[in-house]
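What follows is a single structure, written as structure tokens, with notes after it.
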Amino acid sequence: MTSRRRYDLTADPVFYVTLGIFCFLTTFLPAFLGQPNLLPVLQTVALTVFLAIPLRRGRIYRGVLVVSIWLLLQFLIMSIGTTLLPRPFDRAIHDGFSYYETLLLWLHSGGGLQEPVLASPLARLGEFILVLLGSLLTAGLVGVWLLTRAVNELGFVVGLMASGGPATLLVGLMPWRVMTIAGHAGLVVLLAQPLLTNNWSPAFYIGRYRRFTGLSIILVALGLVLEYTIPGLWKGVWGY
């Protein structure tokens with residue numbers, strides 16, 4: 001007699017359909033209502049719960065799939081929603097329109113974009129450390145909070161810049177921010193696992209996920225380097 005195969009929720013397509021529904025509900029509804037605090041709170045709680053399901057069973061790459069699907073859908077909802085409904089979505093982002101004005105200043109005059117970064121060069125380092133420690137000590141909750149806020153901001157900017165045409169939209173897809181978000185996402189998934197599985201052995205993670213960890217750190221570092229070096233080149237590629 002053969003034993004019945006144990007049911008794996010994360011292998012069921014319904015799980016990912018449900019993930020998409022929750023992403024839509026926790027992103028579109030608070031943004032449509034112009035709720036800047038409720039928006040990231042709902043997103044963070046929902047994504048953290050969905051991420052914990054595969055990670056509790058040690059399925060780190062299923063966790064990567066969960067986060068990737070969520071962040072991509074979240075970005076699309078924010079960018080399309082901002083294009084179609086700019087007023088309520090503007091209210092859903094803290095200082096969102098001010099950031100958009102900074103981007104327009106950079107786009108048309110060459111100034112503004114890098115000034116906040118250069119004025120506080122430790123800000124990105126602090127963000128990186130917060131992702132590491134926050135994810136490790138809260139099973140990913142703090143890291144997910146930072147991820148959802150970053151994606152909301154990027155989607156909002158892209159949605160507003162889409163009104164200027166395809167070239168302006170592509171300028172808004174800043175590759176340094178995309179790389180940083182991708183690197184942080186990988187680290188959040190990796191560091192959320194120890195608390196969920198009660199496996200705190202550094203040797204286990206270094207041995208099993210060495211390449212994955214290295215790729216995530218490289219993406220974060222490359223994003224930081226590009227943020228300092230290529231903004232002018234990037235907008236020049238698209239004719240600005």
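Ordering of the structure tokens sets the chain letters (A, B, ...); residue numbers start at 1 within each chain; ligands are numbered from 1 in the order shown.
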
Name all residues at most 7 Å from Phe156 in chain A (count only C-alpha atoms; drop same-chain ones fewer than 2 positions away) and give them as a short mmCIF file (atom, residue, chain, number, x, y, z; two decimals) with C-alpha atoms, in the first residue's frame.
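Final output, around.cif:
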data_model
loop_
_atom_site.label_atom_id
_atom_site.label_comp_id
_atom_site.auth_asym_id
_atom_site.auth_seq_id
_atom_site.Cartn_x
_atom_site.Cartn_y
_atom_site.Cartn_z
CA MET A 78 -0.27 51.26 -8.48
CA SER A 79 1.05 52.47 -11.85
CA THR A 82 -2.26 56.32 -10.73
CA ASN A 152 4.13 51.86 -4.04
CA GLU A 153 6.35 54.87 -4.60
CA LEU A 154 7.86 53.51 -7.81
CA VAL A 158 5.67 55.59 -13.20
CA GLY A 159 1.90 56.06 -13.31
CA LEU A 160 2.21 59.84 -13.22
#

Which of range 11-222 of chain A end up as helix (DSSP H, G or I) when DSSP is run on this backbone - answer as a PyMOL selection string? chain A and resi 11+13-32+38-55+60-84+86-91+96-109+115-119+122-137+141-164+166-172+175-197+202-208+210-222

Excluding same-chain residues fewer than 4 positions from Leu195 in chain A, what lies within 10 Å of it counting only C-alpha atoms, as a short mmCIF file (atom, residue, chain, number, x, y, z; two decimals) with N, CA, C and O atoms, in the first residue's frame?
data_model
loop_
_atom_site.label_atom_id
_atom_site.label_comp_id
_atom_site.auth_asym_id
_atom_site.auth_seq_id
_atom_site.Cartn_x
_atom_site.Cartn_y
_atom_site.Cartn_z
N LEU A 55 7.65 29.44 3.62
CA LEU A 55 8.89 29.49 4.38
C LEU A 55 8.84 28.59 5.62
O LEU A 55 9.88 28.07 6.04
N ARG A 56 7.68 28.39 6.20
CA ARG A 56 7.57 27.51 7.37
C ARG A 56 7.94 26.07 7.01
O ARG A 56 8.36 25.29 7.87
N SER A 135 14.04 42.03 9.01
CA SER A 135 13.52 40.77 8.46
C SER A 135 13.89 39.59 9.35
O SER A 135 13.08 38.69 9.58
N LEU A 136 15.11 39.60 9.87
CA LEU A 136 15.58 38.49 10.69
C LEU A 136 14.81 38.38 12.00
O LEU A 136 14.47 37.28 12.45
N LEU A 137 14.51 39.51 12.62
CA LEU A 137 13.91 39.51 13.96
C LEU A 137 12.38 39.50 13.94
O LEU A 137 11.77 39.30 14.99
N THR A 138 11.77 39.74 12.78
CA THR A 138 10.30 39.81 12.72
C THR A 138 9.71 38.87 11.67
O THR A 138 8.58 39.06 11.24
N ALA A 139 10.47 37.86 11.27
CA ALA A 139 10.01 36.89 10.26
C ALA A 139 9.61 37.59 8.97
O ALA A 139 8.65 37.21 8.29
N GLY A 140 10.35 38.65 8.64
CA GLY A 140 10.14 39.34 7.37
C GLY A 140 9.22 40.53 7.42
O GLY A 140 9.11 41.27 6.44
N LEU A 191 16.01 35.97 5.05
CA LEU A 191 16.15 36.24 6.47
C LEU A 191 14.86 36.06 7.26
O LEU A 191 14.88 36.04 8.49
N ASN A 199 15.47 27.50 12.65
CA ASN A 199 16.80 27.06 12.23
C ASN A 199 17.68 28.29 12.12
O ASN A 199 17.57 29.06 11.17
N TRP A 200 18.58 28.47 13.10
CA TRP A 200 19.41 29.67 13.16
C TRP A 200 20.87 29.38 12.79
O TRP A 200 21.75 30.17 13.12
#

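The space separating CA of Leu215 in chain A from CA of Ile77 in chain A comes to 27.4 Å.
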
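The two atoms in question, CA of Leu147 in chain A and CA of Val188 in chain A, are spaced 8.8 Å apart.
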
Which residue of A:Pro166, A:Gly172, A:Gly214, A:Gly81 approaches Tyr99 in chain A most closely, using only C-alpha atoms: A:Gly172

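Across the model, the gap from CA of Ile93 in chain A to CA of Thr180 in chain A is 19.7 Å.
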
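Using only C-alpha atoms, the nearest neighbour of Val45 in chain A within the list A:Trp176, A:Ala203, A:Thr148, A:Ala162 is A:Thr148.
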
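Considering the residues A:Trp238, A:Phe128, A:Arg208, A:Leu104 and counting only C-alpha atoms, Val157 in chain A has its shortest atom-to-atom contact with A:Leu104.
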
Within 7 Å of range 26-31 of chain A, which residues of range 57-158 of chain A show up? Give each one with its shortest atom-to-atom distance in Å (one decimal) and the two atoms involved, counting only C-alpha atoms, rows by chain then rising residue number, as CSV.
residue,atom,partner,partner_atom,distance
A:Gln74,CA,A:Thr27,CA,6.5
A:Ile77,CA,A:Phe28,CA,6.6
A:Pro88,CA,A:Ala31,CA,6.6
A:Phe89,CA,A:Ala31,CA,5.2
A:Ala92,CA,A:Ala31,CA,5.1

Using only C-alpha atoms, which protein or nucleic acid residues come within 8 Å of range 58-67 of chain A? Drop anything in the same chain fewer than 2 positions from it, and give the result as a PDB file with N, CA, C and O atoms, in the first residue's frame.
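And here's result_6.pdb as it stands now:
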ATOM      1  N   THR A  10       1.272  25.396  -1.420  1.00  0.00           N
ATOM      2  CA  THR A  10       1.976  26.311  -2.331  1.00  0.00           C
ATOM      3  C   THR A  10       2.150  25.742  -3.732  1.00  0.00           C
ATOM      4  O   THR A  10       2.636  26.445  -4.619  1.00  0.00           O
ATOM      5  N   TYR A  16      -2.111  30.840  -5.495  1.00  0.00           N
ATOM      6  CA  TYR A  16      -1.590  32.019  -6.179  1.00  0.00           C
ATOM      7  C   TYR A  16      -2.717  32.917  -6.700  1.00  0.00           C
ATOM      8  O   TYR A  16      -2.549  34.138  -6.774  1.00  0.00           O
ATOM      9  N   LEU A  19      -3.581  34.778  -3.680  1.00  0.00           N
ATOM     10  CA  LEU A  19      -2.538  35.784  -3.477  1.00  0.00           C
ATOM     11  C   LEU A  19      -2.812  37.022  -4.323  1.00  0.00           C
ATOM     12  O   LEU A  19      -2.732  38.158  -3.838  1.00  0.00           O
ATOM     13  N   LEU A  47       1.026  40.184   2.771  1.00  0.00           N
ATOM     14  CA  LEU A  47       2.174  39.561   2.119  1.00  0.00           C
ATOM     15  C   LEU A  47       3.004  38.760   3.121  1.00  0.00           C
ATOM     16  O   LEU A  47       3.511  37.673   2.791  1.00  0.00           O
ATOM     17  N   PHE A  50       1.239  35.405   3.601  1.00  0.00           N
ATOM     18  CA  PHE A  50       1.395  34.529   2.435  1.00  0.00           C
ATOM     19  C   PHE A  50       2.837  34.023   2.327  1.00  0.00           C
ATOM     20  O   PHE A  50       3.068  32.861   1.960  1.00  0.00           O
ATOM     21  N   LEU A  51       3.802  34.871   2.632  1.00  0.00           N
ATOM     22  CA  LEU A  51       5.208  34.468   2.566  1.00  0.00           C
ATOM     23  C   LEU A  51       5.537  33.414   3.616  1.00  0.00           C
ATOM     24  O   LEU A  51       6.336  32.498   3.375  1.00  0.00           O
ATOM     25  N   ALA A  52       4.918  33.513   4.783  1.00  0.00           N
ATOM     26  CA  ALA A  52       5.206  32.571   5.867  1.00  0.00           C
ATOM     27  C   ALA A  52       4.777  31.148   5.526  1.00  0.00           C
ATOM     28  O   ALA A  52       5.356  30.183   6.037  1.00  0.00           O
ATOM     29  N   PRO A  54       5.020  29.202   2.637  1.00  0.00           N
ATOM     30  CA  PRO A  54       6.081  28.343   2.099  1.00  0.00           C
ATOM     31  C   PRO A  54       7.335  28.328   2.966  1.00  0.00           C
ATOM     32  O   PRO A  54       8.019  27.300   3.060  1.00  0.00           O
ATOM     33  N   LEU A  55       7.646  29.439   3.620  1.00  0.00           N
ATOM     34  CA  LEU A  55       8.887  29.487   4.383  1.00  0.00           C
ATOM     35  C   LEU A  55       8.840  28.593   5.616  1.00  0.00           C
ATOM     36  O   LEU A  55       9.876  28.072   6.044  1.00  0.00           O
ATOM     37  N   ARG A  56       7.678  28.390   6.203  1.00  0.00           N
ATOM     38  CA  ARG A  56       7.573  27.508   7.367  1.00  0.00           C
ATOM     39  C   ARG A  56       7.944  26.066   7.011  1.00  0.00           C
ATOM     40  O   ARG A  56       8.355  25.294   7.874  1.00  0.00           O
ATOM     41  N   ILE A  69       5.493  37.572  -7.443  1.00  0.00           N
ATOM     42  CA  ILE A  69       4.142  37.767  -7.987  1.00  0.00           C
ATOM     43  C   ILE A  69       3.470  38.960  -7.325  1.00  0.00           C
ATOM     44  O   ILE A  69       2.867  39.811  -7.982  1.00  0.00           O
ATOM     45  N   TRP A  70       3.576  39.018  -6.004  1.00  0.00           N
ATOM     46  CA  TRP A  70       2.917  40.110  -5.269  1.00  0.00           C
ATOM     47  C   TRP A  70       3.470  41.471  -5.690  1.00  0.00           C
ATOM     48  O   TRP A  70       2.701  42.382  -6.012  1.00  0.00           O
ATOM     49  N   LEU A  71       4.788  41.633  -5.682  1.00  0.00           N
ATOM     50  CA  LEU A  71       5.368  42.945  -5.977  1.00  0.00           C
ATOM     51  C   LEU A  71       5.094  43.369  -7.407  1.00  0.00           C
ATOM     52  O   LEU A  71       4.883  44.563  -7.681  1.00  0.00           O
ATOM     53  N   ALA A 185      14.247  42.256  -1.779  1.00  0.00           N
ATOM     54  CA  ALA A 185      13.243  41.196  -1.752  1.00  0.00           C
ATOM     55  C   ALA A 185      13.893  39.845  -1.492  1.00  0.00           C
ATOM     56  O   ALA A 185      13.389  39.035  -0.697  1.00  0.00           O
ATOM     57  N   GLY A 186      15.014  39.584  -2.164  1.00  0.00           N
ATOM     58  CA  GLY A 186      15.720  38.326  -1.938  1.00  0.00           C
ATOM     59  C   GLY A 186      16.188  38.175  -0.503  1.00  0.00           C
ATOM     60  O   GLY A 186      16.058  37.100   0.107  1.00  0.00           O
ATOM     61  N   VAL A 189      13.220  37.441   1.949  1.00  0.00           N
ATOM     62  CA  VAL A 189      12.801  36.037   1.905  1.00  0.00           C
ATOM     63  C   VAL A 189      13.794  35.150   2.656  1.00  0.00           C
ATOM     64  O   VAL A 189      13.412  34.273   3.440  1.00  0.00           O
ATOM     65  N   LEU A 190      15.070  35.378   2.431  1.00  0.00           N
ATOM     66  CA  LEU A 190      16.099  34.557   3.078  1.00  0.00           C
ATOM     67  C   LEU A 190      16.088  34.733   4.590  1.00  0.00           C
ATOM     68  O   LEU A 190      16.115  33.752   5.347  1.00  0.00           O
ATOM     69  N   GLN A 193      13.217  33.343   7.090  1.00  0.00           N
ATOM     70  CA  GLN A 193      13.099  31.904   7.317  1.00  0.00           C
ATOM     71  C   GLN A 193      13.553  31.431   8.703  1.00  0.00           C
ATOM     72  O   GLN A 193      12.887  30.558   9.285  1.00  0.00           O
ATOM     73  N   THR A 197      11.282  28.750  10.881  1.00  0.00           N
ATOM     74  CA  THR A 197      11.667  27.334  10.914  1.00  0.00           C
ATOM     75  C   THR A 197      12.448  26.973  12.170  1.00  0.00           C
ATOM     76  O   THR A 197      12.758  25.800  12.387  1.00  0.00           O
TER      77      THR A 197
END

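Residue nearest Ile53 in chain A within the list A:Tyr205, A:Phe15, A:Phe24, A:Phe32: A:Phe15 [criterion: smallest interatomic distance, only C-alpha atoms].
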
Write out as JSON, numbers by chain which residues come within 10 Å of Arg91 in chain A when counting only C-alpha atoms, dropping same-chain ones fewer than 5 positions away. {"A": [31, 32, 33, 34, 35, 36, 86, 96, 97]}
